[in-house]
$ cat structure-v4.txt   # compact mmCIF, C-alpha atoms and all ligand atoms
# COMPACT_ATOMS: atom_id res chain seq x y z
CA MET A 21 28.61 -31.10 4.19
CA ASN A 22 27.18 -30.22 0.86
CA THR A 23 23.46 -29.80 0.68
CA LYS A 24 22.33 -28.22 -2.51
CA LEU A 25 19.01 -26.46 -2.43
CA ALA A 26 17.49 -25.56 -5.75
CA LEU A 27 15.27 -22.51 -5.56
CA PHE A 28 12.69 -21.56 -8.08
CA GLY A 29 10.31 -18.70 -8.12
CA ALA A 30 7.98 -16.68 -10.21
CA ALA A 31 6.87 -13.11 -10.25
CA LEU A 32 3.67 -13.86 -8.39
CA SER A 33 5.29 -15.51 -5.42
CA CYS A 34 7.62 -13.04 -3.84
CA LEU A 35 7.53 -11.25 -0.52
CA VAL A 36 7.99 -7.51 -0.54
CA THR A 37 9.66 -5.28 2.00
CA ALA A 38 10.69 -1.79 1.08
CA SER A 39 11.27 1.77 2.14
CA SER A 40 10.83 4.75 -0.13
CA ALA A 41 14.43 5.59 -0.99
CA MET A 42 16.32 2.53 -2.23
CA ALA A 43 12.95 0.97 -2.81
CA TYR A 44 14.16 -1.83 -5.06
CA ASN A 45 13.69 -5.36 -3.76
CA LEU A 46 16.12 -8.22 -4.38
CA ASN A 47 16.01 -12.01 -3.93
CA TYR A 48 18.24 -13.29 -1.13
CA CYS A 49 19.95 -16.59 -0.34
CA ARG A 50 20.96 -16.67 3.32
CA GLY A 51 21.25 -12.87 3.25
CA VAL A 52 23.24 -12.74 -0.01
CA PRO A 53 21.53 -11.07 -3.01
CA ILE A 54 20.88 -13.54 -5.83
CA LYS A 55 22.21 -12.51 -9.23
CA TRP A 56 23.68 -13.95 -12.37
CA GLY A 57 27.31 -15.05 -12.24
CA THR A 58 28.01 -12.99 -15.37
CA ASN A 59 27.17 -9.46 -16.50
CA GLY A 60 25.99 -10.63 -19.93
CA VAL A 61 23.05 -13.01 -20.17
CA THR A 62 21.62 -14.43 -23.40
CA MET A 63 17.85 -14.64 -23.81
CA ARG A 64 16.45 -16.82 -26.59
CA ALA A 65 13.33 -15.54 -28.36
CA SER A 66 10.76 -17.93 -29.82
CA SER A 67 10.61 -17.30 -33.56
CA THR A 68 6.94 -18.35 -33.49
CA SER A 69 5.92 -15.80 -30.85
CA PHE A 70 8.34 -13.13 -32.06
CA PRO A 71 8.63 -13.49 -35.83
CA THR A 72 11.12 -11.30 -37.69
CA GLY A 73 9.79 -7.78 -38.16
CA TYR A 74 7.35 -5.90 -35.93
CA TRP A 75 7.22 -8.26 -32.91
CA ARG A 76 10.87 -9.23 -32.88
CA ASP A 77 11.83 -5.57 -33.29
CA GLY A 78 9.60 -4.70 -30.33
CA LEU A 79 11.23 -7.38 -28.21
CA GLN A 80 14.70 -6.26 -29.22
CA ARG A 81 13.70 -2.71 -28.31
CA THR A 82 12.57 -4.01 -24.90
CA VAL A 83 15.98 -5.56 -24.30
CA THR A 84 17.71 -2.36 -25.44
CA LEU A 85 15.62 -0.32 -22.99
CA VAL A 86 16.60 -2.68 -20.13
CA ASN A 87 20.24 -2.44 -21.16
CA GLN A 88 20.01 1.35 -20.81
CA ASN A 89 21.12 1.22 -17.19
CA PRO A 90 24.17 2.42 -15.23
CA SER A 91 25.33 -1.09 -14.28
CA PRO A 92 27.48 -3.33 -16.51
CA PHE A 93 24.65 -5.88 -16.75
CA TYR A 94 23.06 -6.48 -20.16
CA PHE A 95 20.90 -9.01 -21.97
CA THR A 96 21.61 -10.26 -25.48
CA LEU A 97 18.65 -11.46 -27.57
CA VAL A 98 19.08 -14.37 -29.97
CA THR A 99 16.62 -16.62 -31.79
CA ASP A 100 15.71 -19.83 -29.99
CA THR A 101 16.07 -23.20 -31.66
CA GLY A 102 14.17 -26.22 -30.41
CA GLY A 103 11.31 -26.00 -27.96
CA VAL A 104 10.70 -23.43 -25.25
CA ALA A 105 9.94 -24.47 -21.67
CA VAL A 106 10.36 -23.39 -18.09
CA LYS A 107 13.31 -25.12 -16.43
CA ASN A 108 14.95 -26.51 -19.58
CA GLY A 109 18.34 -24.95 -18.89
CA GLU A 110 17.85 -22.12 -21.42
CA ASN A 111 16.70 -18.54 -20.87
CA GLU A 112 13.78 -18.06 -23.20
CA VAL A 113 11.08 -15.56 -24.15
CA TRP A 114 7.82 -16.61 -25.72
CA GLY A 115 4.07 -16.03 -25.90
CA SER A 116 1.74 -18.63 -24.43
CA THR A 117 -1.92 -19.46 -23.87
CA ASN A 118 -1.05 -22.05 -21.21
CA SER A 119 -2.70 -20.98 -17.94
CA SER A 120 -0.40 -23.13 -15.81
CA VAL A 121 2.59 -21.22 -17.18
CA LEU A 122 0.91 -17.81 -17.11
CA GLN A 123 -0.67 -18.22 -13.66
CA GLY A 124 -3.24 -15.56 -14.46
CA SER A 125 -0.70 -12.88 -15.38
CA PRO A 126 -0.51 -10.86 -18.60
CA ALA A 127 3.19 -11.71 -18.48
CA ILE A 128 5.30 -13.65 -16.02
CA THR A 129 8.93 -14.45 -15.35
CA HIS A 130 9.97 -17.85 -14.00
CA TRP A 131 13.41 -18.17 -12.50
CA GLN A 132 15.65 -20.90 -11.08
CA ASP A 133 18.37 -20.09 -8.58
CA THR A 134 21.11 -22.02 -6.80
CA CYS A 135 21.48 -21.43 -3.06
CA TYR A 136 23.60 -23.54 -0.73
CA TRP A 137 26.19 -23.27 2.02
CA LEU A 138 29.59 -24.90 2.47
CA PRO A 139 31.99 -24.76 5.40
CA ILE A 140 34.87 -22.32 4.79
CA ILE A 141 33.40 -21.24 1.43
CA GLY A 142 30.10 -20.07 2.87
CA THR A 143 27.02 -19.19 0.84
CA VAL A 144 27.02 -20.13 -2.83
CA THR A 145 24.24 -18.57 -4.86
CA HIS A 146 23.54 -17.56 -8.42
CA ARG A 147 20.71 -17.34 -10.88
CA ASP A 148 20.61 -20.30 -13.28
CA GLU A 149 17.70 -19.62 -15.60
CA ALA A 150 15.01 -17.04 -16.33
CA ASP A 151 12.08 -17.39 -18.73
CA VAL A 152 9.79 -14.51 -19.71
CA VAL A 153 6.33 -15.50 -20.96
CA PHE A 154 3.68 -13.15 -22.38
CA ASP A 155 -0.04 -13.97 -22.41
CA TYR A 156 -0.96 -14.52 -26.05
CA ASN A 157 -4.63 -15.34 -25.44
CA SER A 158 -6.61 -13.63 -28.16
CA PRO A 159 -8.49 -11.02 -26.09
CA PHE A 160 -5.19 -9.72 -24.82
CA GLN A 161 -3.82 -7.17 -27.22
CA TRP A 162 -0.25 -5.99 -27.19
CA THR A 163 1.41 -3.29 -29.21
CA ALA A 164 5.12 -3.32 -29.93
CA ASP A 165 5.47 0.19 -31.28
CA GLU A 166 5.94 3.41 -29.33
CA LEU A 167 2.96 5.31 -30.72
CA LYS A 168 1.26 7.07 -27.81
CA ALA A 169 -2.18 6.82 -29.41
CA SER A 170 -1.96 3.00 -29.38
CA ILE A 171 -1.74 2.50 -25.62
CA TRP A 172 -3.83 2.57 -22.47
CA ASN A 173 -4.00 5.91 -20.64
CA TYR A 174 -3.48 7.84 -23.89
CA GLY A 175 -6.72 7.02 -25.68
CA GLY A 176 -5.50 3.70 -27.11
CA THR A 177 -6.61 0.14 -26.41
CA ARG A 178 -3.36 -1.80 -26.21
CA ARG A 179 -0.72 -2.60 -23.65
CA GLN A 180 2.83 -1.85 -24.70
CA LEU A 181 5.05 -4.93 -25.00
CA GLN A 182 8.07 -2.81 -24.11
CA SER A 183 6.77 -1.46 -20.78
CA THR A 184 5.59 -4.88 -19.56
CA GLY A 185 8.67 -6.52 -21.05
CA ILE A 186 11.02 -4.18 -19.16
CA HIS A 187 9.22 -5.15 -15.93
CA GLU A 188 9.64 -8.88 -16.73
CA PHE A 189 13.28 -8.54 -17.77
CA GLY A 190 13.70 -6.61 -14.51
CA HIS A 191 12.63 -9.78 -12.72
CA ALA A 192 15.02 -11.80 -14.89
CA LEU A 193 17.85 -9.42 -13.93
CA GLY A 194 17.11 -10.05 -10.24
CA LEU A 195 14.52 -7.50 -9.14
CA LEU A 196 11.26 -8.08 -7.26
CA HIS A 197 8.12 -5.97 -7.12
CA VAL A 198 8.09 -2.58 -5.41
CA ASN A 199 4.96 -0.88 -4.08
CA THR A 200 6.40 2.17 -2.32
CA GLU A 201 7.68 4.38 -5.13
CA TYR A 202 7.08 5.34 -8.77
CA ASN A 203 8.91 2.49 -10.51
CA ILE A 204 8.75 -0.05 -13.35
CA MET A 205 8.62 -3.02 -10.92
CA GLY A 206 5.23 -1.68 -9.84
CA THR A 207 2.46 -1.17 -12.39
CA ASP A 208 4.48 -1.04 -15.59
CA PHE A 209 1.82 0.43 -17.91
CA GLU A 210 1.64 3.42 -15.56
CA HIS A 211 5.41 3.98 -15.80
CA ILE A 212 5.65 5.72 -19.15
CA TRP A 213 7.62 8.57 -20.64
CA ALA A 214 5.77 10.52 -23.34
CA ASN A 215 6.45 13.55 -25.52
CA GLY A 216 4.67 14.37 -28.77
CA SER A 217 3.32 11.24 -30.44
CA THR A 218 5.83 8.94 -28.70
CA ALA A 219 5.32 7.02 -25.45
CA ARG A 220 7.46 4.27 -24.05
CA GLY A 221 8.13 2.23 -20.95
CA TYR A 222 11.57 2.61 -19.42
CA LEU A 223 13.66 1.12 -16.62
CA GLY A 224 13.68 4.27 -14.49
CA GLU A 225 15.51 5.43 -11.41
CA ASP A 226 14.63 2.72 -8.92
CA ALA A 227 15.22 -0.33 -11.13
CA SER A 228 18.45 1.27 -12.37
CA ASP A 229 19.47 1.66 -8.74
CA GLY A 230 18.62 -2.01 -8.13
CA ALA A 231 20.74 -3.04 -11.12
CA VAL A 232 23.71 -1.14 -9.65
CA ALA A 233 23.06 -2.70 -6.23
CA LEU A 234 23.39 -6.16 -7.83
CA TYR A 235 26.06 -5.65 -10.48
CA GLY A 236 27.85 -2.49 -9.39
CA PRO A 237 28.30 0.72 -11.41
CA TRP A 238 29.37 0.39 -15.03
CA SER A 239 32.99 1.41 -15.66
CA ALA A 240 31.85 3.31 -18.75
CA SER A 241 30.15 6.68 -18.55
CA TYR A 242 26.40 6.33 -18.32
CA GLU A 243 24.28 9.34 -17.48
CA ASP A 244 20.55 9.77 -18.04
CA LEU A 245 18.22 12.37 -16.63
CA GLY A 246 14.54 12.08 -17.44
CA VAL A 247 11.14 13.50 -16.63
CA ALA A 248 7.68 11.90 -16.68
CA HIS A 249 4.09 13.05 -16.18
CA TRP A 250 3.38 10.11 -13.83
CA LYS A 251 3.86 9.74 -10.07
CA TYR A 252 3.41 7.29 -7.24
CA ALA A 253 -0.15 7.05 -5.89
CA SER A 254 -0.54 4.03 -3.62
CA ALA A 255 0.35 0.40 -2.96
CA ASP A 256 -1.79 -2.09 -4.88
CA GLY A 257 -0.74 -5.42 -3.38
CA GLN A 258 2.90 -5.94 -4.34
CA TYR A 259 2.66 -3.27 -7.04
CA SER A 260 2.88 0.48 -6.84
CA HIS A 261 -0.07 2.20 -8.51
CA HIS A 262 0.84 5.36 -10.41
CA VAL A 263 -1.29 8.25 -11.65
CA LYS A 264 -0.55 11.15 -13.96
CA THR A 265 0.88 14.28 -12.41
CA GLY A 266 -1.47 17.26 -12.29
CA VAL A 267 -2.05 20.99 -12.31
CA TYR A 268 -3.35 22.61 -9.12
CA ASP A 269 -4.53 26.04 -8.09
CA ALA A 270 -2.28 28.25 -5.95
CA ALA A 271 -3.67 26.62 -2.80
CA GLY A 272 -2.88 23.12 -4.06
CA THR A 273 -6.40 22.03 -5.02
CA VAL A 274 -6.44 20.00 -8.21
CA LEU A 275 -8.05 21.87 -11.13
CA PRO A 276 -10.97 20.50 -13.17
CA THR A 277 -10.20 18.79 -16.49
CA VAL A 278 -11.59 18.24 -19.97
CA SER A 279 -10.53 15.42 -22.29
CA VAL A 280 -8.11 16.28 -25.11
CA ASN A 281 -7.12 13.39 -27.39
CA GLY A 282 -7.83 10.89 -24.60
CA GLU A 283 -5.79 12.77 -22.01
CA ALA A 284 -6.92 15.02 -19.15
CA ALA A 285 -6.38 18.72 -19.88
CA TYR A 286 -6.52 21.02 -16.86
CA ARG A 287 -8.76 24.08 -17.13
CA VAL A 288 -6.86 27.25 -16.30
CA ASN A 289 -7.44 30.98 -16.64
CA ARG A 290 -5.14 33.40 -18.37
CA GLY A 291 -2.88 35.00 -15.78
CA GLN A 292 -3.76 32.37 -13.15
CA THR A 293 -1.16 31.25 -10.62
CA VAL A 294 -0.98 27.46 -10.65
CA GLN A 295 1.18 24.63 -9.35
CA VAL A 296 2.46 22.28 -12.06
CA GLU A 297 3.74 18.82 -11.12
CA PHE A 298 6.21 16.48 -12.86
CA THR A 299 8.45 13.59 -11.80
CA TYR A 300 12.20 14.04 -12.34
CA GLU A 301 14.57 11.07 -12.33
CA ASN A 302 18.28 10.37 -12.47
CA ASN A 303 18.64 7.00 -14.21
CA GLY A 304 22.39 7.37 -14.61
CA LYS A 305 25.53 6.79 -12.59
CA ASN A 306 26.27 10.14 -10.97
CA ARG A 307 24.58 12.95 -9.06
CA GLN A 308 23.76 15.89 -11.33
CA THR A 309 22.84 19.49 -10.62
CA VAL A 310 21.09 21.10 -13.60
CA ASN A 311 18.75 23.88 -14.61
CA THR A 312 15.14 22.95 -15.33
CA GLY A 313 12.63 24.90 -17.39
CA TRP A 314 8.86 25.10 -17.80
CA TYR A 315 7.31 25.87 -21.17
CA ILE A 316 4.07 26.61 -23.00
CA SER A 317 3.55 24.84 -26.30
CA ASP A 318 0.71 24.84 -28.79
CA ASP A 319 1.25 21.11 -29.35
CA ASP A 320 2.13 18.12 -27.19
CA PHE A 321 5.79 17.99 -28.25
CA ILE A 322 7.90 20.01 -25.82
CA GLN A 323 11.22 21.33 -27.10
CA ARG A 324 13.73 24.00 -26.19
CA THR A 325 12.37 26.37 -28.82
CA ASP A 326 8.97 26.50 -27.08
CA ARG A 327 8.07 29.55 -24.98
CA ARG A 328 9.84 29.27 -21.63
CA ILE A 329 7.89 30.69 -18.68
CA ALA A 330 9.98 29.65 -15.67
CA VAL A 331 13.41 28.27 -14.72
CA ASN A 332 14.77 26.59 -11.61
CA THR A 333 18.53 26.79 -11.30
CA GLY A 334 20.45 24.13 -9.44
CA MET A 335 18.02 21.21 -9.31
CA THR A 336 19.98 18.26 -7.89
CA LEU A 337 18.97 14.78 -9.01
CA VAL A 338 20.50 11.60 -7.62
CA ARG A 339 19.97 7.95 -8.36
CA ASN A 340 18.05 6.59 -5.39
CA ASP A 341 15.47 9.35 -5.28
CA VAL A 342 12.48 9.87 -7.57
CA LEU A 343 11.59 13.57 -7.33
CA THR A 344 7.93 14.46 -7.88
CA TYR A 345 8.02 18.22 -7.73
CA ARG A 346 5.45 21.03 -7.98
CA ARG A 347 6.49 24.41 -9.36
CA THR A 348 4.34 27.50 -8.93
CA LEU A 349 3.89 29.32 -12.26
CA THR A 350 1.78 32.02 -13.81
CA ILE A 351 -0.18 31.09 -16.93
CA PRO A 352 0.69 33.80 -19.50
CA ALA A 353 -2.10 36.38 -19.85
CA ASP A 354 -1.73 36.58 -23.64
CA LEU A 355 -2.77 32.97 -24.45
CA ARG A 356 -5.90 32.49 -26.56
CA ALA A 357 -9.15 31.76 -24.70
CA ASN A 358 -11.02 28.48 -25.33
CA THR A 359 -7.82 26.93 -26.65
CA ASN A 360 -5.75 23.88 -25.76
CA TYR A 361 -2.07 24.28 -24.89
CA TRP A 362 0.53 22.01 -23.37
CA LEU A 363 2.46 22.94 -20.23
CA GLY A 364 5.87 21.36 -20.56
CA THR A 365 9.07 20.87 -18.65
CA ILE A 366 12.64 20.16 -19.74
CA VAL A 367 15.30 18.91 -17.35
CA ASP A 368 18.84 20.12 -18.03
CA ILE A 369 17.83 22.97 -20.33
CA ASP A 370 21.49 23.81 -20.97
CA SER A 371 22.49 20.24 -21.92
CA VAL A 372 25.38 20.20 -19.47
CA VAL A 373 25.01 16.48 -18.70
CA PRO A 374 26.48 14.04 -21.26
CA ASP A 375 23.08 12.38 -21.38
CA ASN A 376 22.98 8.94 -23.04
CA ILE A 377 19.20 9.23 -23.55
CA PRO A 378 18.45 12.92 -24.16
CA SER A 379 15.02 12.21 -25.69
CA ASN A 380 13.37 11.63 -22.29
CA ASN A 381 14.34 15.05 -20.90
CA ALA A 382 11.01 16.67 -21.84
CA THR A 383 7.34 15.97 -21.24
CA TYR A 384 4.03 17.82 -20.95
CA ILE A 385 0.62 18.15 -19.31
CA PRO A 386 -2.33 19.29 -21.50
CA ILE A 387 -4.15 22.47 -20.39
CA HIS A 388 -7.27 24.19 -21.67
CA ILE A 389 -7.49 27.97 -21.36
CA ASN A 390 -10.97 28.94 -20.14
ZN ZN B 401 6.18 -8.70 -11.86

$ encode --input "structure-v4.txt" --output "structure tokens" --more "lines below"
Ligand SMILES: [Zn+2]
Amino acid sequence: MNTKLALFGAALSCLVTASSAMAYNLNYCRGVPIKWGTNGVTMRASSTSFPTGYWRDGLQRTVTLVNQNPSPFYFTLVTDTGGVAVKNGENEVWGSTNSSVLQGSPAITHWQDTCYWLPIIGTVTHRDEADVVFDYNSPFQWTADELKASIWNYGGTRRQLQSTGIHEFGHALGLLHVNTEYNIMGTDFEHIWANGSTARGYLGEDASDGAVALYGPWSASYEDLGVAHWKYASADGQYSHHVKTGVYDAAGTVLPTVSVNGEAAYRVNRGQTVQVEFTYENNGKNRQTVNTGWYISDDDFIQRTDRRIAVNTGMTLVRNDVLTYRRTLTIPADLRANTNYWLGTIVDIDSVVPDNIPSNNATYIPIHIN
């Protein structure tokens, strides 16, 4: 008996079940997770939608950010020849104004899977094709750089190609939406790492965990700790909604804010005891126990040379757990009144982890001294 059932799906049409740890969601064929039959998959970029230079570089950067994961799975980006289409036997990436392809989404991934059952052999399943399509209708404005000032939630007007692209390539890799945890397969433009003038989307702990669930851990060393000033807020349909982490008074009541460069700056008093909140992630292979510091900076770029005001020793971070953590601190009494500062944090202050992506180990929250 050999009945072949061709499955096809799209990002809008998946069911979601999840718990908070191991929140990632996979596609299943008769209980078997659906994945590619190889760890290296080639995606073909339209040269019309992604011409050489700015847009193609942004797309390549997107693929690189997806490939920064602790599984052996990776995408390779090449230039497409011939036409692009869903279900043409090629994995392609393009921009479209076709509403029947986009289905109302700013970006969408269409996939085709094989799923059938044979006596003795059992379930046979694999992914056959994935196509990532971005909405190129004129009112929709993307940016393909990593300048913080360009993007939503940081005073800009554009949506970052990389953050949405990582979400879509996450679908292509085999992941479904998640609405129970801070993660890229939720609302991608609220899953951002930022420090100084740079902001970028990233795969993050939960999608990295999902990649390992599908493809196993990479044989090579891959470690990456990170910290973000975003956290899980609520479920918004299939998507998690995230908000920026905050600064609270000693009792845990959120402090009032003023706007500084398009971001909320929390009003604090000199010498005040506050709770400062950040989200720490382990996007790498192995459990790590590290020291974490909190800093005061007179700009939005947090670095080890800034003034350190607190340390936690022995913070343990594991893949499979996003840690949104509040630390009680005292705002130094000698800061200038009526002045903006940035409260920062750095994970692994002693650089003991062989971190493949050390740049994401620091971030900040703006404060305004009353
Ligand atoms: Zn999606």

$ residues_near_ligand --input "structure-v4.txt" --ligand "ligand ZN 401 (chain B)" --cutoff "8 Å" --atoms "only C-alpha atoms and all ligand atoms" --output "ChimeraX atom specification"
/A:31-32,127-129,187-188,191,196-197,205-206

$ residues_around --input "structure-v4.txt" --residues "range 179-183 of chain A" --least-positions-apart "2" --cutoff "8 Å" --atoms "all atoms listed in the file" --output "ChimeraX atom specification"
/A:78-79,81-82,161-166,171-172,177,185-187,204,208-209,211-212,220-222

$ atom_distance --input "structure-v4.txt" --atom1 "CA of Tyr235 in chain A" --atom2 "CA of Trp56 in chain A"
8.8 Å

$ residues_around --input "structure-v4.txt" --residues "Arg64 in chain A" --least-positions-apart "4" --cutoff "7 Å" --atoms "all atoms listed in the file" --output "PyMOL selection string"
chain A and resi 97-100+111-113

$ atom_distance --input "structure-v4.txt" --atom1 "CA of Val83 in chain A" --atom2 "CA of Gly60 in chain A"
12.0 Å

$ residues_around --input "structure-v4.txt" --residues "Gly109 in chain A" --least-positions-apart "3" --cutoff "9 Å" --atoms "only C-alpha atoms" --output "ChimeraX atom specification"
/A:105-106,148-150

$ write_last_selection --input "structure-v4.txt" --atoms "C-alpha atoms" --output "JSON list (two decimals), in the coordinates of the input"
[["chain", "number", "residue", "atom", "x", "y", "z"],
["A", 105, "ALA", "CA", 9.94, -24.47, -21.67],
["A", 106, "VAL", "CA", 10.36, -23.39, -18.09],
["A", 148, "ASP", "CA", 20.61, -20.30, -13.28],
["A", 149, "GLU", "CA", 17.70, -19.62, -15.60],
["A", 150, "ALA", "CA", 15.01, -17.04, -16.33]]

$ closest_residue --input "structure-v4.txt" --among "A:Trp238, A:Phe189, A:Tyr345, A:Trp362" --to "Thr265 in chain A" --atoms "all atoms listed in the file"
A:Tyr345

$ closest_residue --input "structure-v4.txt" --among "A:Tyr74, A:Asn340, A:Lys107, A:Trp114" --to "Gly230 in chain A" --atoms "all atoms listed in the file"
A:Asn340

$ residues_around --input "structure-v4.txt" --residues "Asn215 in chain A" --least-positions-apart "4" --cutoff "10 Å" --atoms "only C-alpha atoms" --output "VMD selection string"
chain A and resid 168 219 to 220 248 to 249 319 to 323 364 379 to 385

$ closest_residue --input "structure-v4.txt" --among "A:Gln295, A:Thr62, A:Asn303, A:Thr348" --to "Val232 in chain A" --atoms "all atoms listed in the file"
A:Asn303

$ atom_distance --input "structure-v4.txt" --atom1 "CA of Val331 in chain A" --atom2 "CA of Arg347 in chain A"
9.6 Å

$ decode --input "structure-v4.txt" --residues "range 275-352 of chain A" --atoms "C-alpha atoms" --output "compact mmCIF listing (two decimals), in the first residue's frame"
# COMPACT_ATOMS: atom_id res chain seq x y z
CA LEU A 275 8.13 54.36 36.93
CA PRO A 276 6.91 57.24 34.73
CA THR A 277 8.76 57.93 31.47
CA VAL A 278 9.78 60.73 29.15
CA SER A 279 10.72 60.28 25.49
CA VAL A 280 14.43 60.32 24.61
CA ASN A 281 15.27 59.85 20.92
CA GLY A 282 12.00 57.98 20.37
CA GLU A 283 12.53 55.63 23.30
CA ALA A 284 10.96 55.65 26.77
CA ALA A 285 13.34 56.92 29.46
CA TYR A 286 12.35 56.12 33.04
CA ARG A 287 12.35 59.01 35.51
CA VAL A 288 14.43 58.20 38.57
CA ASN A 289 15.86 60.10 41.52
CA ARG A 290 19.48 60.15 42.55
CA GLY A 291 20.02 57.55 45.25
CA GLN A 292 16.68 55.85 44.50
CA THR A 293 16.33 52.08 44.88
CA VAL A 294 14.85 50.67 41.69
CA GLN A 295 14.25 47.34 39.97
CA VAL A 296 15.77 47.08 36.49
CA GLU A 297 14.55 44.42 34.07
CA PHE A 298 16.26 42.72 31.10
CA THR A 299 15.83 39.44 29.20
CA TYR A 300 18.81 37.07 29.18
CA GLU A 301 19.09 34.26 26.65
CA ASN A 302 21.32 31.30 25.89
CA ASN A 303 21.20 30.84 22.11
CA GLY A 304 24.06 28.36 22.11
CA LYS A 305 24.61 24.67 22.65
CA ASN A 306 25.51 24.35 26.31
CA ARG A 307 24.42 25.51 29.75
CA GLN A 308 26.55 28.41 31.00
CA THR A 309 27.04 29.94 34.42
CA VAL A 310 28.44 33.47 34.19
CA ASN A 311 28.72 36.76 36.02
CA THR A 312 26.41 39.57 34.95
CA GLY A 313 26.88 43.29 35.51
CA TRP A 314 24.75 46.43 35.56
CA TYR A 315 26.16 49.75 34.40
CA ILE A 316 25.50 53.47 34.11
CA SER A 317 26.46 55.10 30.83
CA ASP A 318 26.16 58.64 29.54
CA ASP A 319 25.27 57.28 26.10
CA ASP A 320 23.22 54.37 24.75
CA PHE A 321 26.22 52.16 23.98
CA ILE A 322 26.95 49.90 26.94
CA GLN A 323 30.49 48.55 27.26
CA ARG A 324 32.70 47.07 29.94
CA THR A 325 34.46 50.38 30.51
CA ASP A 326 31.21 52.01 31.66
CA ARG A 327 30.60 52.56 35.38
CA ARG A 328 29.56 49.26 36.93
CA ILE A 329 27.05 49.56 39.78
CA ALA A 330 26.10 45.94 40.50
CA VAL A 331 27.16 42.35 39.77
CA ASN A 332 25.39 39.01 40.03
CA THR A 333 27.75 36.07 40.27
CA GLY A 334 26.72 32.67 39.01
CA MET A 335 23.80 33.43 36.70
CA THR A 336 22.94 30.16 34.96
CA LEU A 337 21.50 30.35 31.45
CA VAL A 338 20.26 27.33 29.51
CA ARG A 339 18.82 26.89 26.07
CA ASN A 340 15.14 26.21 26.60
CA ASP A 341 14.56 29.05 29.03
CA VAL A 342 14.25 32.77 28.30
CA LEU A 343 15.09 34.57 31.54
CA THR A 344 13.42 37.94 32.09
CA TYR A 345 14.99 39.08 35.32
CA ARG A 346 14.66 42.12 37.59
CA ARG A 347 17.64 43.26 39.64
CA THR A 348 17.28 45.70 42.52
CA LEU A 349 19.83 48.52 42.24
CA THR A 350 20.58 51.91 43.71
CA ILE A 351 20.84 54.81 41.27
CA PRO A 352 24.17 56.52 42.12
